[in-house]
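Encoded as structure tokens, the structure appears first; notes follow it.
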Amino acid sequence: MIFTETKLKGAYIIDLDRKTDERGFFARAFCRKEFRDHGLKPIIAQANLASNARKGTLRGMHFQYPPAAESKLVRCTRGAILDIIVDLRPESPTYLQHISVELNEDNMTSLYVPERFAHGYQALRDNTDTSYQVGEFYTPDAEGGLRHDDPRLGLEWPLPVTVISPKDQAFRPLSEIENEVKHRMSVAMAA
């Protein structure tokens, strides 16, 4: 695997190190030791799949508060997505900054999302599937979210939103929840 750290410390783009021959290629998609060597959390509590029938479908921006904060390893297995993550670590110099990465069936790139980040993506093609390994169990009481269109975040989605869940659409603006987010995402709460 080829690990490239993004401007958001701890968030990595992970490309496959393909070994090719006449059959095609072989590549390692996960290795606990390599993840640990890069300071990443090499624990998989759940493996999730999501299928998006229509391009423009938006999922996010999701997170879980500590002590159930999730790390994620996200890969698009069919179609294409624009994946966006937002740093919610109040002590971080990149607090509220974001990155976006296109993940698709051709590049087979993964995005490692550290704990205490919001995560969301938009399907860029019809019939798009994603796979993500999550480092913590889904904990409804620890669940949170940010609005995908919050002007304070400045997230740029490439397509008009065609489908979004009522739950995701109902997330409150950051201006209404930032004090709670900062408090619950603080290092003291995460420890």
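Chains: A, B, ... in order of the structure tokens. Residues: from 1 per chain. Ligands: from 1, in order shown.
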Quick one: everything within 10 Å of range 33-36 of chain A, counting only C-alpha atoms, minus sequence neighbours fewer than 2 positions away in the same chain. Send it as a PDB file with N, CA, C and O atoms, in the first residue's frame.
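Final output, result24.pdb:
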ATOM      1  N   MET A   1       0.842  -1.179   0.000  1.00  0.00           N
ATOM      2  CA  MET A   1       0.000   0.000   0.000  1.00  0.00           C
ATOM      3  C   MET A   1       0.881   1.233   0.000  1.00  0.00           C
ATOM      4  O   MET A   1       1.972   1.228   0.570  1.00  0.00           O
ATOM      5  N   ILE A   2       0.375   2.273  -0.618  1.00  0.00           N
ATOM      6  CA  ILE A   2       1.101   3.538  -0.686  1.00  0.00           C
ATOM      7  C   ILE A   2       0.304   4.555   0.116  1.00  0.00           C
ATOM      8  O   ILE A   2      -0.818   4.912  -0.250  1.00  0.00           O
ATOM      9  N   PHE A   3       0.864   5.028   1.238  1.00  0.00           N
ATOM     10  CA  PHE A   3       0.204   5.944   2.162  1.00  0.00           C
ATOM     11  C   PHE A   3       0.654   7.376   1.875  1.00  0.00           C
ATOM     12  O   PHE A   3       1.850   7.656   1.862  1.00  0.00           O
ATOM     13  N   PHE A  30      -5.422  -3.981   2.992  1.00  0.00           N
ATOM     14  CA  PHE A  30      -5.353  -3.673   4.414  1.00  0.00           C
ATOM     15  C   PHE A  30      -4.281  -4.532   5.052  1.00  0.00           C
ATOM     16  O   PHE A  30      -4.150  -5.718   4.731  1.00  0.00           O
ATOM     17  N   CYS A  31      -3.508  -3.922   5.935  1.00  0.00           N
ATOM     18  CA  CYS A  31      -2.497  -4.646   6.706  1.00  0.00           C
ATOM     19  C   CYS A  31      -2.391  -3.958   8.053  1.00  0.00           C
ATOM     20  O   CYS A  31      -2.014  -2.779   8.125  1.00  0.00           O
ATOM     21  N   HIS A  38       2.078   3.530  10.425  1.00  0.00           N
ATOM     22  CA  HIS A  38       1.770   4.909  10.016  1.00  0.00           C
ATOM     23  C   HIS A  38       0.995   5.668  11.093  1.00  0.00           C
ATOM     24  O   HIS A  38       0.513   6.781  10.850  1.00  0.00           O
ATOM     25  N   GLY A  39       0.855   5.079  12.275  1.00  0.00           N
ATOM     26  CA  GLY A  39       0.160   5.735  13.372  1.00  0.00           C
ATOM     27  C   GLY A  39      -1.353   5.710  13.250  1.00  0.00           C
ATOM     28  O   GLY A  39      -2.046   6.486  13.904  1.00  0.00           O
ATOM     29  N   LEU A  40      -1.871   4.803  12.417  1.00  0.00           N
ATOM     30  CA  LEU A  40      -3.312   4.720  12.199  1.00  0.00           C
ATOM     31  C   LEU A  40      -3.908   3.638  13.091  1.00  0.00           C
ATOM     32  O   LEU A  40      -3.223   2.708  13.509  1.00  0.00           O
ATOM     33  N   LYS A  41      -5.188   3.751  13.348  1.00  0.00           N
ATOM     34  CA  LYS A  41      -5.882   2.773  14.183  1.00  0.00           C
ATOM     35  C   LYS A  41      -6.232   1.559  13.316  1.00  0.00           C
ATOM     36  O   LYS A  41      -7.117   1.636  12.476  1.00  0.00           O
ATOM     37  N   PRO A  42      -5.540   0.417  13.543  1.00  0.00           N
ATOM     38  CA  PRO A  42      -5.753  -0.751  12.677  1.00  0.00           C
ATOM     39  C   PRO A  42      -6.843  -1.693  13.187  1.00  0.00           C
ATOM     40  O   PRO A  42      -6.709  -2.899  13.120  1.00  0.00           O
ATOM     41  N   ILE A  43      -7.924  -1.137  13.691  1.00  0.00           N
ATOM     42  CA  ILE A  43      -9.005  -1.952  14.235  1.00  0.00           C
ATOM     43  C   ILE A  43     -10.216  -1.838  13.325  1.00  0.00           C
ATOM     44  O   ILE A  43     -10.591  -0.736  12.908  1.00  0.00           O
ATOM     45  N   TYR A 112      -8.430   7.052   4.452  1.00  0.00           N
ATOM     46  CA  TYR A 112      -8.470   6.743   5.876  1.00  0.00           C
ATOM     47  C   TYR A 112      -8.930   7.989   6.607  1.00  0.00           C
ATOM     48  O   TYR A 112      -8.300   9.041   6.529  1.00  0.00           O
TER      49      TYR A 112
END
Inset, instruction - Using DSSP on the backbone coordinates, identify the residues of range 26-139 of chain A assigned to helix (DSSP H, G or I); present them as an MDAnalysis selection string. - result: chainID A and resid 32:37
Print the selection's residues with N, CA and C atoms to a file, as a short mmCIF file (atom, residue, chain, number, x, y, z; two decimals), in the first residue's frame.
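Below is the file result.cif, written as the result:
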data_model
loop_
_atom_site.label_atom_id
_atom_site.label_comp_id
_atom_site.auth_asym_id
_atom_site.auth_seq_id
_atom_site.Cartn_x
_atom_site.Cartn_y
_atom_site.Cartn_z
N ARG A 32 -2.74 -4.67 9.11
CA ARG A 32 -2.73 -4.09 10.45
C ARG A 32 -1.36 -3.50 10.79
N LYS A 33 -0.29 -4.20 10.45
CA LYS A 33 1.06 -3.72 10.76
C LYS A 33 1.38 -2.43 10.02
N GLU A 34 1.06 -2.38 8.72
CA GLU A 34 1.35 -1.16 7.96
C GLU A 34 0.54 0.02 8.48
N PHE A 35 -0.71 -0.23 8.84
CA PHE A 35 -1.52 0.84 9.41
C PHE A 35 -0.91 1.32 10.72
N ARG A 36 -0.56 0.40 11.59
CA ARG A 36 0.04 0.75 12.88
C ARG A 36 1.35 1.52 12.66
N ASP A 37 2.17 1.09 11.69
CA ASP A 37 3.44 1.76 11.41
C ASP A 37 3.24 3.22 10.97
#
Do a neighbour search on Thr162 in chain A at 10 Å with only C-alpha atoms, toss out local chain neighbours closer than 5 positions, and write the hits as a CSV table (one decimal) with N, CA and C atoms, in the first residue's frame.
chain,number,residue,atom,x,y,z
A,54,ARG,N,-28.7,6.5,-7.6
A,54,ARG,CA,-28.7,7.7,-8.5
A,54,ARG,C,-27.5,8.6,-8.2
A,55,LYS,N,-26.9,9.0,-9.3
A,55,LYS,CA,-25.8,10.0,-9.1
A,55,LYS,C,-26.4,11.3,-8.5
A,56,GLY,N,-25.6,11.9,-7.7
A,56,GLY,CA,-26.1,13.1,-7.0
A,56,GLY,C,-26.5,12.8,-5.6
A,57,THR,N,-26.7,11.5,-5.3
A,57,THR,CA,-27.0,11.0,-3.9
A,57,THR,C,-25.9,11.5,-2.9
A,58,LEU,N,-26.3,12.1,-1.8
A,58,LEU,CA,-25.4,12.6,-0.8
A,58,LEU,C,-25.6,11.9,0.5
A,122,GLN,N,-20.7,12.1,-2.1
A,122,GLN,CA,-21.7,12.2,-3.1
A,122,GLN,C,-21.4,11.3,-4.2
A,123,ALA,N,-22.4,10.5,-4.6
A,123,ALA,CA,-22.2,9.6,-5.8
A,123,ALA,C,-22.1,10.4,-7.1
Go through range 51-137 of chain A and flag each residue having an atom no more than 6 Å from range 143-154 of chain A; for those, report the closest pair of atoms plus their distance in Å to one decimal, using only C-alpha atoms, ordered by chain and rising number, as JSON lines.
{"residue": "A:Met61", "atom": "CA", "partner": "A:Leu146", "partner_atom": "CA", "distance": 5.1}
{"residue": "A:His62", "atom": "CA", "partner": "A:Gly145", "partner_atom": "CA", "distance": 4.5}
{"residue": "A:Phe63", "atom": "CA", "partner": "A:Gly144", "partner_atom": "CA", "distance": 5.3}
{"residue": "A:Gln64", "atom": "CA", "partner": "A:Glu143", "partner_atom": "CA", "distance": 4.5}
Store the residues picked out above in a file with N, CA, C and O atoms, as a JSON list (two decimals), in the first residue's frame.
[["chain", "number", "residue", "atom", "x", "y", "z"],
["A", 61, "MET", "N", -23.07, 14.78, 6.54],
["A", 61, "MET", "CA", -21.72, 14.60, 7.04],
["A", 61, "MET", "C", -21.80, 13.95, 8.44],
["A", 61, "MET", "O", -22.22, 14.59, 9.39],
["A", 62, "HIS", "N", -21.40, 12.71, 8.57],
["A", 62, "HIS", "CA", -21.59, 11.91, 9.78],
["A", 62, "HIS", "C", -20.35, 11.84, 10.65],
["A", 62, "HIS", "O", -19.23, 11.88, 10.14],
["A", 63, "PHE", "N", -20.57, 11.69, 11.95],
["A", 63, "PHE", "CA", -19.49, 11.40, 12.89],
["A", 63, "PHE", "C", -20.10, 10.80, 14.16],
["A", 63, "PHE", "O", -21.31, 10.83, 14.33],
["A", 64, "GLN", "N", -19.22, 10.24, 14.99],
["A", 64, "GLN", "CA", -19.61, 9.79, 16.32],
["A", 64, "GLN", "C", -18.69, 10.47, 17.33],
["A", 64, "GLN", "O", -17.49, 10.61, 17.09]]
Inset, instruction - Apply DSSP to the structure's backbone, then extract all residues of chain A labelled strand (DSSP E) and return them as an MDAnalysis selection string. - result: chainID A and resid 2:5 12:15 19:21 24:26 46:52 58:64 72:78 80:87 98:104 110:113 117:123 128:134 143:145
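Picture a line from CA of Ile84 in chain A to CA of Gly120 in chain A; it runs 5.5 Å.
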Legend entry - Surrounding residues of Pro90 in chain A excluding itself and chain neighbours under 5 positions, 7 Å, only C-alpha atoms, as a list in words: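 Final neighbour list, sorted by chain and number: Tyr95, Lys182, Met185 and Ser186 of chain A.
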Inset, instruction - For each of A:Gln97, A:Thr20, A:Asn127, A:Asn48, take the minimum atom-to-atom distance to Ile81 in chain A, counting only C-alpha atoms, then give the residue where this is smallest. - result: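 Comparing A:Gln97, A:Thr20, A:Asn127, A:Asn48 against Ile81 in chain A, the winner is A:Asn127.
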Residues within 8 Å of Glu70 in chain A, please, as a PDB file with all heavy atoms, in the first residue's frame. Count only C-alpha atoms; anything in the same chain fewer than 3 positions from it doesn't count.
ATOM      1  N   PHE A  63     -20.565  11.686  11.951  1.00  0.00           N
ATOM      2  CA  PHE A  63     -19.491  11.396  12.892  1.00  0.00           C
ATOM      3  C   PHE A  63     -20.099  10.801  14.156  1.00  0.00           C
ATOM      4  O   PHE A  63     -21.314  10.825  14.334  1.00  0.00           O
ATOM      5  CB  PHE A  63     -18.671  12.651  13.236  1.00  0.00           C
ATOM      6  CG  PHE A  63     -19.468  13.782  13.831  1.00  0.00           C
ATOM      7  CD1 PHE A  63     -19.711  13.843  15.199  1.00  0.00           C
ATOM      8  CD2 PHE A  63     -19.966  14.792  13.028  1.00  0.00           C
ATOM      9  CE1 PHE A  63     -20.441  14.892  15.756  1.00  0.00           C
ATOM     10  CE2 PHE A  63     -20.696  15.841  13.575  1.00  0.00           C
ATOM     11  CZ  PHE A  63     -20.933  15.891  14.937  1.00  0.00           C
ATOM     12  N   GLN A  64     -19.219  10.243  14.985  1.00  0.00           N
ATOM     13  CA  GLN A  64     -19.612   9.793  16.321  1.00  0.00           C
ATOM     14  C   GLN A  64     -18.690  10.465  17.326  1.00  0.00           C
ATOM     15  O   GLN A  64     -17.493  10.613  17.093  1.00  0.00           O
ATOM     16  CB  GLN A  64     -19.528   8.264  16.457  1.00  0.00           C
ATOM     17  CG  GLN A  64     -20.659   7.561  15.779  1.00  0.00           C
ATOM     18  CD  GLN A  64     -20.768   6.072  16.107  1.00  0.00           C
ATOM     19  OE1 GLN A  64     -21.710   5.469  15.650  1.00  0.00           O
ATOM     20  NE2 GLN A  64     -19.867   5.470  16.858  1.00  0.00           N
ATOM     21  N   PRO A 114      -9.603   9.597  10.195  1.00  0.00           N
ATOM     22  CA  PRO A 114      -9.311   9.403  11.618  1.00  0.00           C
ATOM     23  C   PRO A 114     -10.538   9.637  12.496  1.00  0.00           C
ATOM     24  O   PRO A 114     -11.547  10.195  12.054  1.00  0.00           O
ATOM     25  CB  PRO A 114      -8.254  10.474  11.924  1.00  0.00           C
ATOM     26  CG  PRO A 114      -7.784  10.983  10.610  1.00  0.00           C
ATOM     27  CD  PRO A 114      -8.900  10.749   9.641  1.00  0.00           C
ATOM     28  N   GLU A 115     -10.422   9.254  13.741  1.00  0.00           N
ATOM     29  CA  GLU A 115     -11.464   9.554  14.718  1.00  0.00           C
ATOM     30  C   GLU A 115     -11.607  11.071  14.862  1.00  0.00           C
ATOM     31  O   GLU A 115     -10.657  11.814  14.650  1.00  0.00           O
ATOM     32  CB  GLU A 115     -11.086   8.960  16.080  1.00  0.00           C
ATOM     33  CG  GLU A 115     -11.041   7.457  16.078  1.00  0.00           C
ATOM     34  CD  GLU A 115     -10.555   6.885  17.404  1.00  0.00           C
ATOM     35  OE1 GLU A 115     -10.001   7.632  18.234  1.00  0.00           O
ATOM     36  OE2 GLU A 115     -10.726   5.678  17.594  1.00  0.00           O
ATOM     37  N   ARG A 116     -12.818  11.481  15.201  1.00  0.00           N
ATOM     38  CA  ARG A 116     -13.155  12.896  15.442  1.00  0.00           C
ATOM     39  C   ARG A 116     -13.116  13.719  14.148  1.00  0.00           C
ATOM     40  O   ARG A 116     -12.777  14.885  14.149  1.00  0.00           O
ATOM     41  CB  ARG A 116     -12.277  13.508  16.538  1.00  0.00           C
ATOM     42  CG  ARG A 116     -12.418  12.786  17.872  1.00  0.00           C
ATOM     43  CD  ARG A 116     -11.740  13.481  19.022  1.00  0.00           C
ATOM     44  NE  ARG A 116     -10.294  13.550  18.831  1.00  0.00           N
ATOM     45  CZ  ARG A 116      -9.532  14.568  19.236  1.00  0.00           C
ATOM     46  NH1 ARG A 116     -10.068  15.587  19.860  1.00  0.00           N
ATOM     47  NH2 ARG A 116      -8.237  14.544  19.032  1.00  0.00           N
ATOM     48  N   VAL A 134     -14.967   0.226   9.642  1.00  0.00           N
ATOM     49  CA  VAL A 134     -15.130   1.220  10.689  1.00  0.00           C
ATOM     50  C   VAL A 134     -14.484   0.696  11.966  1.00  0.00           C
ATOM     51  O   VAL A 134     -14.639  -0.471  12.309  1.00  0.00           O
ATOM     52  CB  VAL A 134     -16.639   1.515  10.911  1.00  0.00           C
ATOM     53  CG1 VAL A 134     -16.848   2.619  11.926  1.00  0.00           C
ATOM     54  CG2 VAL A 134     -17.305   1.886   9.587  1.00  0.00           C
ATOM     55  N   GLY A 135     -13.781   1.571  12.665  1.00  0.00           N
ATOM     56  CA  GLY A 135     -13.019   1.187  13.849  1.00  0.00           C
ATOM     57  C   GLY A 135     -13.793   1.142  15.152  1.00  0.00           C
ATOM     58  O   GLY A 135     -13.224   0.834  16.194  1.00  0.00           O
ATOM     59  N   GLU A 136     -15.068   1.451  15.113  1.00  0.00           N
ATOM     60  CA  GLU A 136     -15.895   1.435  16.324  1.00  0.00           C
ATOM     61  C   GLU A 136     -17.288   0.985  15.931  1.00  0.00           C
ATOM     62  O   GLU A 136     -17.715   1.167  14.792  1.00  0.00           O
ATOM     63  CB  GLU A 136     -15.943   2.838  16.949  1.00  0.00           C
ATOM     64  CG  GLU A 136     -16.663   2.938  18.280  1.00  0.00           C
ATOM     65  CD  GLU A 136     -16.121   2.010  19.353  1.00  0.00           C
ATOM     66  OE1 GLU A 136     -14.949   2.155  19.736  1.00  0.00           O
ATOM     67  OE2 GLU A 136     -16.878   1.120  19.792  1.00  0.00           O
ATOM     68  N   PHE A 137     -18.004   0.412  16.873  1.00  0.00           N
ATOM     69  CA  PHE A 137     -19.364  -0.028  16.601  1.00  0.00           C
ATOM     70  C   PHE A 137     -20.299   1.176  16.469  1.00  0.00           C
ATOM     71  O   PHE A 137     -20.086   2.212  17.118  1.00  0.00           O
ATOM     72  CB  PHE A 137     -19.866  -0.952  17.718  1.00  0.00           C
ATOM     73  CG  PHE A 137     -19.059  -2.210  17.822  1.00  0.00           C
ATOM     74  CD1 PHE A 137     -18.156  -2.382  18.853  1.00  0.00           C
ATOM     75  CD2 PHE A 137     -19.188  -3.209  16.868  1.00  0.00           C
ATOM     76  CE1 PHE A 137     -17.396  -3.537  18.937  1.00  0.00           C
ATOM     77  CE2 PHE A 137     -18.435  -4.367  16.953  1.00  0.00           C
ATOM     78  CZ  PHE A 137     -17.535  -4.529  17.993  1.00  0.00           C
TER      79      PHE A 137
END
Legend entry - Near-Pro158 in chain A list (8 Å; only C-alpha atoms; drop same-chain fewer than 2 positions) as a PyMOL selection string: chain A and resi 82+156+160
Quick one: everything within 9 Å of Asn107 in chain A, counting only C-alpha atoms, minus sequence neighbours fewer than 4 positions away in the same chain. Send it as a PDB file with all heavy atoms, in the first residue's frame.
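out-v9.pdb, written as the output of this step:
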ATOM      1  N   ASP A  15      -3.255   4.309  -1.718  1.00  0.00           N
ATOM      2  CA  ASP A  15      -3.316   3.718  -3.049  1.00  0.00           C
ATOM      3  C   ASP A  15      -2.783   2.294  -2.995  1.00  0.00           C
ATOM      4  O   ASP A  15      -1.958   1.952  -2.140  1.00  0.00           O
ATOM      5  CB  ASP A  15      -2.480   4.543  -4.039  1.00  0.00           C
ATOM      6  CG  ASP A  15      -3.137   5.885  -4.340  1.00  0.00           C
ATOM      7  OD1 ASP A  15      -4.264   5.881  -4.856  1.00  0.00           O
ATOM      8  OD2 ASP A  15      -2.515   6.929  -4.040  1.00  0.00           O
ATOM      9  N   LEU A  16      -3.264   1.489  -3.903  1.00  0.00           N
ATOM     10  CA  LEU A  16      -2.809   0.112  -3.991  1.00  0.00           C
ATOM     11  C   LEU A  16      -1.419   0.053  -4.619  1.00  0.00           C
ATOM     12  O   LEU A  16      -1.115   0.801  -5.547  1.00  0.00           O
ATOM     13  CB  LEU A  16      -3.775  -0.713  -4.843  1.00  0.00           C
ATOM     14  CG  LEU A  16      -5.213  -0.821  -4.333  1.00  0.00           C
ATOM     15  CD1 LEU A  16      -6.052  -1.620  -5.323  1.00  0.00           C
ATOM     16  CD2 LEU A  16      -5.260  -1.435  -2.950  1.00  0.00           C
ATOM     17  N   GLU A 102     -11.621  12.131  -4.895  1.00  0.00           N
ATOM     18  CA  GLU A 102     -12.456  11.256  -5.709  1.00  0.00           C
ATOM     19  C   GLU A 102     -11.973   9.828  -5.550  1.00  0.00           C
ATOM     20  O   GLU A 102     -10.798   9.522  -5.767  1.00  0.00           O
ATOM     21  CB  GLU A 102     -12.439  11.639  -7.188  1.00  0.00           C
ATOM     22  CG  GLU A 102     -13.384  10.741  -7.985  1.00  0.00           C
ATOM     23  CD  GLU A 102     -13.568  11.113  -9.441  1.00  0.00           C
ATOM     24  OE1 GLU A 102     -13.482  12.307  -9.774  1.00  0.00           O
ATOM     25  OE2 GLU A 102     -13.809  10.182 -10.244  1.00  0.00           O
ATOM     26  N   LEU A 103     -12.900   8.981  -5.152  1.00  0.00           N
ATOM     27  CA  LEU A 103     -12.647   7.541  -5.065  1.00  0.00           C
ATOM     28  C   LEU A 103     -13.509   6.888  -6.131  1.00  0.00           C
ATOM     29  O   LEU A 103     -14.693   7.210  -6.237  1.00  0.00           O
ATOM     30  CB  LEU A 103     -13.037   7.008  -3.677  1.00  0.00           C
ATOM     31  CG  LEU A 103     -12.444   7.727  -2.458  1.00  0.00           C
ATOM     32  CD1 LEU A 103     -12.987   7.125  -1.169  1.00  0.00           C
ATOM     33  CD2 LEU A 103     -10.930   7.679  -2.483  1.00  0.00           C
TER      34      LEU A 103
END
Legend entry - Distance of CA of Thr6 in chain A from CA of Gly60 in chain A, expressed in Å to one decimal place: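 CA of Thr6 in chain A lies at a distance of 20.3 Å from CA of Gly60 in chain A.
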Inset, instruction - Between CA of Ser165 in chain A and CA of Arg125 in chain A, measure the distance and give it in Å to one decimal. - result: 18.1 Å
